[in-house]
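Trainee: Below you will find the structure I want to go over with you.
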Amino acid sequence: MLDSYLPIITLIVIALCFSIGSVIFSRLIGEKKPTAIKLSPYECGMPPVGSARERFSIKFYIIAMLFIVFDIEVVFMYPWAVMFKRLGLFGFVEMGVFILILLVGYAYVWKKGALEWE
Amino acid sequence: MEILFFYLVALVAVVSGFLVIRCQSPVNSALGLVNTFFCLAIFYVMLHAPFMAAIQVMVYAGAIMVLILFVIMLLNLGTEARKSYLHGIVWSGLASLAVLFNVIYFIKRGRVTGAEGDITDFTVQSVGHVELIGKTMFTEFLLPFEIASILLLVAIVGAVVLAKKEV
């Protein structure tokens with residue numbers, strides 16, 4: 001059974017080799033002529049303003065929280081989708097109730113303007 | 001071959017777990033934690049639980065790590081947090097070692113697992129892991145499943161109430 005994961009492992013190994021190899025080889029054979037301009041942090045072409053280690057806004061936190069909740073909702077749908085045909089209409093109604101309850105939450109979030117970037 | 005692979009992944013897991021507690025920057029620690037989560041996902045696959053592996057990656061390495069990173073950035077731990085904390089390391093180390101030896105002792109005695117249930121390893125392999133979870137969750141554990149949606153609803157409302165200025 002684990003043999004079926006061999007392609008994934010191969011992919012991971014290739015990805016690792018490629019990323020590590022790119023870093024190592026560019027360091028080994030790349031030319032280095034550093035100037036003050038070249039070493040300054042790149043910020044879309046404009047001169048950087050202050051440090052990047054600022055406190056982030058709470059707005060990011062609410063997006064992350066909502067992402068977790070709806071992510072978990074999707075996780076529940078995965079086994080349901082696999083069993084969809086065998087569960088029949090019963091399973092459909094079950095998931096309908098589940099989604100409906102979460103839709104209430106979604107409507108609440110939308111109504112309260114938590115999705116707005118004010 | 002499989003046991004060799006297990007030890008390789010276990011080594012990566014332990015090293016990244018070590019990095020989580022020893023890194024100077026909290027963001028580096030968080031990345032170490034992501035690595036540990038991925039190793040756990042590989043263990044789930046090796047235990048024939050691919051659905052758990054998928055959840056591990058989606059929920060833990062994906063969503064929960066995003067939240068942890070945002071909290072780190074919200075708090076903006078400056079130079080204060082970058083000091084290394086070594087006080088109490090002897091006692092906590094001894095306690096962890098005691099737990100480890102306890103676990104090894106019970107594994108050696110072969111008493112870690114309880115009595116075997118209806119669903120054996122063979123059933124899981126023949127029916128399919130996700131199919132079994134789906135069947136049990138949507139028939140036997142229907143009520144807990146629906147209650148889970150209410151729990152998620154509470155979480156949504158809680159997040160909005162906590163983080164919004166005017167509710």
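Simple scheme: letters A, B, ... for chains in structure tokens order, numbers from 1 for residues in each chain, numbers from 1 for ligands in the order shown.
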With a distance cut-off of 9 Å and only C-alpha atoms, select the neighbouring residues of Phe90 of chain A, excluding the residue or stretch itself and same-chain residues fewer than 4 positions from it, and output the selection as a PyMOL selection string.

Mentor: (chain A and resi 94-95) or (chain B and resi 138)

Trainee: Determine which residues of chain B sit within 6 Å of chain A, taking into account only C-alpha atoms, and present them as a list of chain:residue names.

Mentor: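 Result: B:Ala63, B:Leu67, B:Met73, B:Leu74, B:Asn76, B:Val130, B:Gly134, B:Glu146, B:Ser149, B:Leu153, B:Ala163.
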
Trainee: Store the residues picked out above in a file with N, CA, C and O atoms, as a PDB file, in the first residue's frame.

Mentor:
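What landed in selection.pdb:
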ATOM      1  N   ALA B  63      -3.913  25.824   8.356  1.00  0.00           N
ATOM      2  CA  ALA B  63      -4.698  26.859   9.038  1.00  0.00           C
ATOM      3  C   ALA B  63      -4.112  27.253  10.388  1.00  0.00           C
ATOM      4  O   ALA B  63      -3.937  28.440  10.667  1.00  0.00           O
ATOM      5  N   LEU B  67      -2.511  30.890  11.842  1.00  0.00           N
ATOM      6  CA  LEU B  67      -2.975  31.604  13.036  1.00  0.00           C
ATOM      7  C   LEU B  67      -1.812  31.871  13.990  1.00  0.00           C
ATOM      8  O   LEU B  67      -1.659  32.987  14.501  1.00  0.00           O
ATOM      9  N   MET B  73       3.110  37.723  14.903  1.00  0.00           N
ATOM     10  CA  MET B  73       3.297  39.043  14.312  1.00  0.00           C
ATOM     11  C   MET B  73       2.465  40.101  15.036  1.00  0.00           C
ATOM     12  O   MET B  73       2.863  41.259  15.107  1.00  0.00           O
ATOM     13  N   LEU B  74       1.306  39.696  15.566  1.00  0.00           N
ATOM     14  CA  LEU B  74       0.489  40.635  16.339  1.00  0.00           C
ATOM     15  C   LEU B  74       1.222  41.086  17.587  1.00  0.00           C
ATOM     16  O   LEU B  74       1.220  42.258  17.940  1.00  0.00           O
ATOM     17  N   ASN B  76       4.393  41.026  18.120  1.00  0.00           N
ATOM     18  CA  ASN B  76       5.645  41.700  17.791  1.00  0.00           C
ATOM     19  C   ASN B  76       6.665  41.515  18.900  1.00  0.00           C
ATOM     20  O   ASN B  76       7.034  42.448  19.609  1.00  0.00           O
ATOM     21  N   VAL B 130     -10.960   6.406   4.365  1.00  0.00           N
ATOM     22  CA  VAL B 130     -11.893   7.532   4.274  1.00  0.00           C
ATOM     23  C   VAL B 130     -13.326   7.035   4.222  1.00  0.00           C
ATOM     24  O   VAL B 130     -14.228   7.620   4.827  1.00  0.00           O
ATOM     25  N   GLY B 134     -16.226   8.108   6.729  1.00  0.00           N
ATOM     26  CA  GLY B 134     -17.443   8.700   6.199  1.00  0.00           C
ATOM     27  C   GLY B 134     -18.673   7.938   6.643  1.00  0.00           C
ATOM     28  O   GLY B 134     -19.653   8.518   7.091  1.00  0.00           O
ATOM     29  N   GLU B 146     -23.389  16.989  13.498  1.00  0.00           N
ATOM     30  CA  GLU B 146     -24.182  18.214  13.382  1.00  0.00           C
ATOM     31  C   GLU B 146     -23.836  19.199  14.499  1.00  0.00           C
ATOM     32  O   GLU B 146     -23.837  20.407  14.294  1.00  0.00           O
ATOM     33  N   SER B 149     -21.001  21.433  13.720  1.00  0.00           N
ATOM     34  CA  SER B 149     -21.277  22.641  12.948  1.00  0.00           C
ATOM     35  C   SER B 149     -21.664  23.790  13.876  1.00  0.00           C
ATOM     36  O   SER B 149     -21.309  24.943  13.639  1.00  0.00           O
ATOM     37  N   LEU B 153     -19.889  27.315  14.395  1.00  0.00           N
ATOM     38  CA  LEU B 153     -20.661  28.565  14.371  1.00  0.00           C
ATOM     39  C   LEU B 153     -20.267  29.449  15.548  1.00  0.00           C
ATOM     40  O   LEU B 153     -20.035  30.664  15.392  1.00  0.00           O
ATOM     41  N   ALA B 163     -12.388  40.201  17.603  1.00  0.00           N
ATOM     42  CA  ALA B 163     -11.468  40.984  16.794  1.00  0.00           C
ATOM     43  C   ALA B 163     -12.102  42.212  16.162  1.00  0.00           C
ATOM     44  O   ALA B 163     -11.386  43.095  15.686  1.00  0.00           O
TER      45      ALA B 163
END

Trainee: Please give the complete set of residues from segment 24-98 of chain A that DSSP, run on the backbone, assigns to alpha helix (DSSP H), formatted as a ChimeraX atom specification.

Mentor: /A:24-29,36-39,58-82,84-98

Trainee: Atom CA of Leu6 of chain A to atom CA of Ile24 of chain A: how many Å, to one decimal?

Mentor: 26.5 Å

Trainee: Have a look at atom CA of Ile21 of chain B and atom CA of Val57 of chain B and let me know their distance in Å, one decimal.

Mentor: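 Atom CA of Ile21 of chain B sits 21.0 Å away from atom CA of Val57 of chain B.
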
Trainee: Could you list, as a VMD selection string, every residue within 12 Å of Met46 of chain B, counting only C-alpha atoms and ignoring same-chain residues fewer than 5 positions away?

Mentor: (chain A and resid 1 to 5) or (chain B and resid 2 to 3 5 to 7 9 to 10 39 to 41 51 to 53)

Trainee: Considering only C-alpha atoms, return as a ChimeraX atom specification whatever protein or nucleic-acid residues lie within 12 Å of Val12 of chain B, sequence-local ones (same chain, fewer than 3 positions apart) excluded.

Mentor: /B:5-9,15-19,32-40,42-43

Trainee: Can you write out the residues you just picked, keeping C-alpha atoms, as a PDB file, in the first residue's frame?

Mentor:
ATOM      1  CA  PHE B   5      12.320   5.452   6.131  1.00  0.00           C
ATOM      2  CA  PHE B   6      10.549   5.673   9.483  1.00  0.00           C
ATOM      3  CA  TYR B   7      13.794   6.396  11.301  1.00  0.00           C
ATOM      4  CA  LEU B   8      14.729   9.008   8.707  1.00  0.00           C
ATOM      5  CA  VAL B   9      11.412  10.836   9.133  1.00  0.00           C
ATOM      6  CA  VAL B  15      15.430  17.742  14.872  1.00  0.00           C
ATOM      7  CA  SER B  16      12.637  20.128  13.807  1.00  0.00           C
ATOM      8  CA  GLY B  17      11.010  19.702  17.203  1.00  0.00           C
ATOM      9  CA  PHE B  18      14.313  20.693  18.752  1.00  0.00           C
ATOM     10  CA  LEU B  19      14.496  23.730  16.462  1.00  0.00           C
ATOM     11  CA  GLY B  32      10.162  24.204  12.587  1.00  0.00           C
ATOM     12  CA  LEU B  33       6.695  23.385  13.880  1.00  0.00           C
ATOM     13  CA  VAL B  34       5.384  23.191  10.301  1.00  0.00           C
ATOM     14  CA  ASN B  35       8.134  20.705   9.552  1.00  0.00           C
ATOM     15  CA  THR B  36       7.165  18.620  12.573  1.00  0.00           C
ATOM     16  CA  PHE B  37       3.537  18.624  11.419  1.00  0.00           C
ATOM     17  CA  PHE B  38       4.562  17.342   8.002  1.00  0.00           C
ATOM     18  CA  CYS B  39       6.573  14.548   9.610  1.00  0.00           C
ATOM     19  CA  LEU B  40       3.523  13.606  11.685  1.00  0.00           C
ATOM     20  CA  ILE B  42       4.002  11.024   7.030  1.00  0.00           C
ATOM     21  CA  PHE B  43       3.626   8.905  10.167  1.00  0.00           C
TER      22      PHE B  43
END

Trainee: Please report the interatomic distance between atom CA of Leu89 of chain A and atom CA of Ile133 of chain B in Å with one decimal.

Mentor: 18.4 Å

Trainee: Let me make sure I understand: among B:Val27, B:Ile55, B:Leu47, B:Ala115, which one has the smallest atom-to-atom distance to Ile72 of chain B if we use only C-alpha atoms?

Mentor: B:Val27

Trainee: Could you give me, as a PyMOL selection string, the residues within 8 Å of Ala30 of chain B, counting only C-alpha atoms and dropping anything in the same chain fewer than 6 positions from it?

Mentor: chain B and resi 20+65+68-69

Trainee: Could you save those same residues with N, CA and C atoms as a PDB file, in the first residue's frame?

Mentor:
ATOM      1  N   VAL B  20      12.172  24.010  17.145  1.00  0.00           N
ATOM      2  CA  VAL B  20      11.024  24.797  17.613  1.00  0.00           C
ATOM      3  C   VAL B  20      11.347  25.456  18.945  1.00  0.00           C
ATOM      4  N   MET B  65      -1.151  26.896  11.653  1.00  0.00           N
ATOM      5  CA  MET B  65       0.140  27.580  11.592  1.00  0.00           C
ATOM      6  C   MET B  65      -0.021  29.023  11.147  1.00  0.00           C
ATOM      7  N   ILE B  68      -0.971  30.850  14.209  1.00  0.00           N
ATOM      8  CA  ILE B  68       0.158  31.021  15.132  1.00  0.00           C
ATOM      9  C   ILE B  68       1.090  32.119  14.614  1.00  0.00           C
ATOM     10  N   LEU B  69       1.346  32.103  13.300  1.00  0.00           N
ATOM     11  CA  LEU B  69       2.227  33.124  12.715  1.00  0.00           C
ATOM     12  C   LEU B  69       1.625  34.509  12.892  1.00  0.00           C
TER      13      LEU B  69
END
